[in-house]
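K.L.:
Pasting entry_8.cif here (mmCIF, C-alpha atoms):
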data_work
#
loop_
_atom_site.label_atom_id
_atom_site.label_comp_id
_atom_site.auth_asym_id
_atom_site.auth_seq_id
_atom_site.Cartn_x
_atom_site.Cartn_y
_atom_site.Cartn_z
CA ASP D 83 79.86 50.01 21.20
CA ALA D 84 82.15 49.10 18.28
CA GLU D 85 81.51 52.34 16.35
CA GLU D 86 82.26 54.45 19.41
CA ASP D 87 85.47 52.50 20.10
CA GLU D 88 86.55 52.99 16.50
CA GLU D 89 85.86 56.73 16.74
CA TRP D 90 88.00 56.99 19.89
CA GLU D 91 90.85 55.10 18.21
CA LYS D 92 90.76 57.46 15.23
CA ARG D 93 90.87 60.51 17.51
CA ILE D 94 93.83 59.05 19.40
CA GLU D 95 95.71 58.26 16.15
CA SER D 96 95.09 61.78 14.84
CA GLY D 97 96.48 63.30 18.02
CA GLU D 98 93.19 65.00 18.85
CA ILE D 99 93.16 63.31 22.24
CA THR D 100 95.89 61.68 24.32
CA PRO D 101 95.22 58.36 26.01
CA ILE D 102 95.61 58.30 29.78
CA GLU D 103 98.59 56.18 30.76
CA SER D 104 98.50 54.12 33.92
CA VAL D 105 100.97 55.19 36.58
CA GLY D 106 102.67 52.53 38.65
CA GLU D 107 100.82 49.69 36.96
CA PRO D 108 102.67 46.45 36.29
CA THR D 109 103.61 45.71 32.70
CA LYS D 110 103.34 41.99 32.16
CA GLU D 111 105.92 40.03 30.21
CA ILE D 112 108.46 42.81 29.82
CA ASN D 113 111.99 42.36 31.09
CA THR D 114 113.43 45.01 33.37
CA ASP D 115 115.75 47.60 31.85
CA LEU D 116 117.83 48.75 34.82
CA THR D 117 118.78 51.99 33.10
CA LYS D 118 115.19 52.95 32.26
CA ILE D 119 113.88 52.33 35.79
CA GLY D 120 116.58 54.58 37.20
CA PHE D 121 118.65 51.97 39.02
CA GLU D 122 121.83 53.50 40.44
CA GLN D 123 124.66 51.54 42.03
CA SER D 124 125.27 54.44 44.41
CA GLU D 125 121.91 53.72 46.07
CA LEU D 126 123.13 50.35 47.37
CA GLY D 127 125.02 52.03 50.22
CA GLY D 128 127.02 50.41 53.00
CA ALA D 129 126.50 47.13 54.83
CA LYS D 130 123.45 48.20 56.87
CA GLN D 131 121.76 49.74 53.83
CA ARG D 132 122.44 46.65 51.73
CA PHE D 133 120.89 44.53 54.47
CA LYS D 134 117.82 46.77 54.50
CA ASN D 135 117.57 46.61 50.71
CA ASN D 136 117.73 42.81 50.83
CA ILE D 137 114.95 42.57 53.43
CA GLU D 138 112.69 44.93 51.47
CA ALA D 139 113.25 42.92 48.29
CA ILE D 140 112.49 39.61 50.03
CA LYS D 141 109.26 40.95 51.51
CA LEU D 142 108.21 42.38 48.16
CA VAL D 143 108.91 39.28 46.08
CA ASN D 144 106.98 37.12 48.56
CA LYS D 145 104.05 39.56 48.36
CA LEU D 146 104.10 39.56 44.54
CA ILE D 147 104.17 35.77 44.41
CA ASN D 148 101.41 35.36 47.00
CA THR D 149 99.16 37.85 45.19
CA GLN D 150 100.17 36.54 41.75
CA LYS D 151 101.03 40.04 40.55
CA GLU D 152 103.74 41.45 38.31
CA ALA D 153 106.01 44.19 39.60
CA THR D 154 105.60 47.87 38.75
CA ASP D 155 108.68 49.85 37.71
CA GLU D 156 109.07 51.18 41.26
CA GLU D 157 108.79 47.67 42.66
CA ARG D 158 111.32 46.39 40.13
CA LYS D 159 113.75 48.99 41.41
CA VAL D 160 113.30 47.61 44.94
CA LEU D 161 113.88 44.07 43.70
CA ALA D 162 116.96 45.09 41.71
CA LYS D 163 118.64 46.36 44.90
CA TYR D 164 118.87 42.84 46.28
CA VAL D 165 122.58 42.03 46.35
CA GLY D 166 122.63 38.77 48.30
CA TRP D 167 124.63 38.12 51.46
CA GLY D 168 128.22 38.30 50.27
CA GLY D 169 130.10 40.59 52.64
CA LEU D 170 127.27 40.58 55.21
CA ALA D 171 128.48 37.76 57.47
CA GLN D 172 127.90 39.95 60.53
CA ALA D 173 124.14 39.68 60.00
CA PHE D 174 124.39 35.96 60.77
CA ASP D 175 126.49 36.38 63.92
CA GLU D 176 124.27 36.03 66.99
CA HIS D 177 127.07 37.40 69.17
CA ASN D 178 127.51 40.64 67.20
CA VAL D 179 125.76 43.24 69.35
CA ALA D 180 125.86 45.90 66.63
CA TRP D 181 123.87 43.60 64.33
CA LYS D 182 121.51 42.12 66.94
CA ASN D 183 118.35 43.59 65.37
CA GLU D 184 119.35 42.54 61.87
CA TYR D 185 120.16 39.01 63.05
CA GLU D 186 116.74 38.65 64.67
CA GLU D 187 114.95 40.09 61.65
CA LEU D 188 116.73 37.68 59.35
CA LYS D 189 115.81 34.70 61.50
CA ASP D 190 112.22 35.88 61.51
CA ILE D 191 111.76 36.53 57.79
CA LEU D 192 113.55 33.47 56.36
CA SER D 193 112.56 29.84 56.59
CA VAL D 194 115.04 27.40 58.14
CA GLU D 195 116.14 26.28 54.67
CA GLU D 196 116.41 29.83 53.32
CA TYR D 197 118.41 30.95 56.34
CA ALA D 198 120.87 28.07 55.97
CA ALA D 199 121.31 28.83 52.26
CA ALA D 200 121.78 32.55 52.92
CA LYS D 201 124.34 31.95 55.68
CA GLY D 202 126.21 29.54 53.45
CA SER D 203 126.46 32.11 50.67
CA VAL D 204 128.33 34.87 52.51
CA LEU D 205 131.66 33.85 50.97
CA ASN D 206 130.55 33.27 47.38
CA ALA D 207 127.51 35.49 46.66
CA HIS D 208 128.84 38.70 45.15
CA TYR D 209 127.25 41.60 43.33
CA THR D 210 128.46 42.40 39.81
CA SER D 211 128.63 46.14 39.13
CA PRO D 212 127.18 47.76 35.98
CA THR D 213 130.69 48.93 35.08
CA VAL D 214 131.95 45.34 34.85
CA ILE D 215 128.83 44.14 32.99
CA LYS D 216 129.01 46.90 30.39
CA ALA D 217 132.70 46.21 29.81
CA ILE D 218 131.98 42.51 29.23
CA TYR D 219 129.20 43.30 26.76
CA GLU D 220 131.46 45.76 24.96
CA ALA D 221 134.09 43.06 24.56
CA VAL D 222 131.48 40.57 23.33
CA GLY D 223 130.17 43.13 20.84
CA ASN D 224 133.67 43.74 19.57
CA MET D 225 133.87 40.01 18.86
CA GLY D 226 130.87 40.37 16.55
CA PHE D 227 128.04 39.01 18.69
CA GLU D 228 124.67 40.65 18.04
CA THR D 229 121.84 38.24 18.77
CA GLY D 230 121.35 34.64 19.84
CA ASN D 231 120.65 32.45 22.84
CA ILE D 232 122.31 33.97 25.92
CA LEU D 233 122.91 31.98 29.10
CA GLU D 234 123.80 33.31 32.52
CA PRO D 235 124.56 30.13 34.49
CA SER D 236 124.83 31.70 37.96
CA MET D 237 122.70 34.75 37.45
CA GLY D 238 121.90 36.18 40.87
CA VAL D 239 119.03 38.62 40.31
CA GLY D 240 120.03 39.02 36.66
CA ASN D 241 121.95 42.25 36.25
CA PHE D 242 123.46 40.98 33.00
CA PHE D 243 119.92 40.72 31.63
CA GLY D 244 118.94 44.15 32.97
CA LEU D 245 121.88 45.82 31.25
CA LEU D 246 121.63 43.99 27.93
CA PRO D 247 122.73 46.42 25.16
CA GLU D 248 120.16 47.67 22.68
CA THR D 249 122.02 45.93 19.87
CA MET D 250 121.45 42.55 21.56
CA GLN D 251 117.80 43.01 22.56
CA ASN D 252 116.53 40.40 20.09
CA SER D 253 118.39 37.67 21.94
CA LYS D 254 116.62 34.98 23.93
CA LEU D 255 117.64 34.94 27.59
CA TYR D 256 118.17 31.86 29.73
CA GLY D 257 119.26 31.90 33.36
CA VAL D 258 120.00 29.50 36.19
CA GLU D 259 120.18 30.40 39.87
CA LEU D 260 120.68 28.01 42.77
CA ASP D 261 119.34 30.21 45.58
CA SER D 262 115.54 30.14 45.80
CA ILE D 263 115.04 33.73 46.97
CA THR D 264 117.45 35.19 44.43
CA GLY D 265 115.93 33.08 41.67
CA ARG D 266 112.38 34.19 42.48
CA ILE D 267 113.46 37.83 42.38
CA ALA D 268 115.12 37.26 39.00
CA GLN D 269 111.93 35.68 37.65
CA LYS D 270 109.91 38.76 38.67
CA LEU D 271 112.47 41.13 37.16
CA TYR D 272 112.76 39.21 33.87
CA PRO D 273 109.44 37.45 33.14
CA LYS D 274 110.29 36.98 29.45
CA ALA D 275 113.50 35.12 30.25
CA ASP D 276 113.59 31.37 30.80
CA ILE D 277 114.90 31.15 34.36
CA THR D 278 115.45 27.89 36.24
CA VAL D 279 115.84 27.96 40.02
CA ALA D 280 118.10 24.97 40.64
CA GLY D 281 121.71 23.90 40.60
CA PHE D 282 123.14 24.23 37.10
CA GLU D 283 124.36 20.64 37.17
CA THR D 284 120.75 19.43 37.55
CA THR D 285 119.45 21.29 34.47
CA ASP D 286 119.46 20.44 30.78
CA ARG D 287 121.20 23.71 29.88
CA ARG D 288 123.77 22.23 27.51
CA ASP D 289 124.84 22.63 23.86
CA PHE D 290 122.20 25.24 23.10
CA PHE D 291 123.75 28.65 23.58
CA ASP D 292 125.59 31.20 21.49
CA LEU D 293 126.88 33.15 24.47
CA ALA D 294 127.39 32.52 28.19
CA VAL D 295 127.96 35.54 30.42
CA GLY D 296 128.81 35.97 34.08
CA ASN D 297 131.47 37.07 36.51
#
I'd like the structure from this file rewritten - as structure tokens, please.
P.N.:
Amino acid sequence: DAEEDEEWEKRIESGEITPIESVGEPTKEINTDLTKIGFEQSELGGAKQRFKNNIEAIKLVNKLINTQKEATDEERKVLAKYVGWGGLAQAFDEHNVAWKNEYEELKDILSVEEYAAAKGSVLNAHYTSPTVIKAIYEAVGNMGFETGNILEPSMGVGNFFGLLPETMQNSKLYGVELDSITGRIAQKLYPKADITVAGFETTDRRDFFDLAVGN
């Protein structure tokens, strides 16, 4: 009852008892902090590993959407390893014997539209490293920016959002991503951000922002 609940709250506040924290439970409406979840660029690996990471992220985001669930920290780490298809053209080559299994898996997991978009992105979808992102934020900070409306117009999965400095955490985040898979992953990683999955030219993202970031 209410009296018992109040007694428990008092005991927790006094430190007499410690509340049990959920492990692996999703935290709704909190943006991903890539540093806090233990994301390491070194885990991305070579071409085959990046392909595997991409497939795992696609399967997971589809599962989360279908079950209408938010991602746990461990799941967010899986999603954050999605790097797109830049530099992985061999996965789309049906004549490449060394990539035969990957080619077939890709054809199986993606819709016709998703496959066409993925294949068309191999020359222009590129991962931005934390080193580059941190350097850009450092330069922006040196210019005096602290908080405001931040836009990432071609955001990928949103690494600029995931590495937002503590001094800029009060900013409102807005993102645009053309690719549907990448955009859905970004939306699961950054549920508090306003993310539009569409071509930037089709959106109303104009004359509203204090800072635009990207690579």
K.L.:
For the structure provided, state which residues fall under the PyMOL selection byres ((chain D and resi 116) around 9), and present them as a PyMOL selection string.
P.N.:
chain D and resi 114-115+117-122+158-159+162+241+243-245
K.L.:
Would you save the residues from that selection as a compact mmCIF listing (two decimals), in the frame of the given file, using C-alpha atoms?
P.N.:
# COMPACT_ATOMS: atom_id res chain seq x y z
CA THR D 114 113.43 45.01 33.37
CA ASP D 115 115.75 47.60 31.85
CA THR D 117 118.78 51.99 33.10
CA LYS D 118 115.19 52.95 32.26
CA ILE D 119 113.88 52.33 35.79
CA GLY D 120 116.58 54.58 37.20
CA PHE D 121 118.65 51.97 39.02
CA GLU D 122 121.83 53.50 40.44
CA ARG D 158 111.32 46.39 40.13
CA LYS D 159 113.75 48.99 41.41
CA ALA D 162 116.96 45.09 41.71
CA ASN D 241 121.95 42.25 36.25
CA PHE D 243 119.92 40.72 31.63
CA GLY D 244 118.94 44.15 32.97
CA LEU D 245 121.88 45.82 31.25
K.L.:
Please determine, counting only C-alpha atoms, which residue among D:Leu293, D:Ile137, D:Leu146, D:Ala153 has the shortest atom-to-atom distance to Leu271 of chain D.
P.N.:
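Nearest to Leu271 of chain D: D:Ala153.
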K.L.:
One decimal, in Å: what's the spacing between atom CA of Gln123 of chain D and atom CA of Tyr164 of chain D?
P.N.:
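Taking atom CA of Gln123 of chain D as the start and atom CA of Tyr164 of chain D as the end point, the length is 11.3 Å.
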K.L.:
Translate the PyMOL selection byres ((chain D and resi 276-284) around 6), as applied to the file shown, into an explicit residue set as a PyMOL selection string.
P.N.:
chain D and resi 256-260+265+275+285
K.L.:
Could you list the residues chosen by the PyMOL selection byres ((chain D and resi 295) around 12) in this structure as an MDAnalysis selection string?
P.N.:
chainID D and resid 210 214:219 221:222 231:237 240:243 245:246 255:258 291:294 296:297
K.L.:
Choose the residue, out of D:Phe174, D:Trp181, D:Phe133, D:Tyr197, that has the smallest atom-to-atom separation from Asp261 of chain D; count only C-alpha atoms.
P.N.:
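Of the candidates, the smallest distance to Asp261 of chain D is held by D:Tyr197.
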K.L.:
To one decimal place, how far is atom CA of Asp190 of chain D from atom CA of Thr154 of chain D in Å?
P.N.:
26.6 Å
K.L.:
Might you pull out every residue within 12 Å of Lys130 of chain D, with all atoms listed in the file counted and same-chain residues fewer than 2 positions away left off, and present them as number ranges by chain?
P.N.:
D: 126-128, 132-137, 167, 169-173, 180-185
K.L.:
Please measure the separation of atom CA of Ala198 of chain D and atom CA of Gln269 of chain D, giving the value in Å to one decimal.
P.N.:
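Interatomic distance here is 21.8 Å.
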K.L.:
Identify which of the residues D:Met250, D:Ile112, D:Ala207, D:Ile263 lies closest to Glu152 of chain D, counting only C-alpha atoms when measuring atom-to-atom distances.
P.N.:
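Of the candidates, the smallest distance to Glu152 of chain D is held by D:Ile112.
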K.L.:
So that I can see what lies close to Arg266 of chain D, please list as a list in words the residues with an atom at most 8 Å from it, counting all atoms listed in the file and leaving out residues fewer than 4 positions away in the same chain.
P.N.:
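Returned residues: Val143, Ser262, Lys270 and Val279 of chain D.
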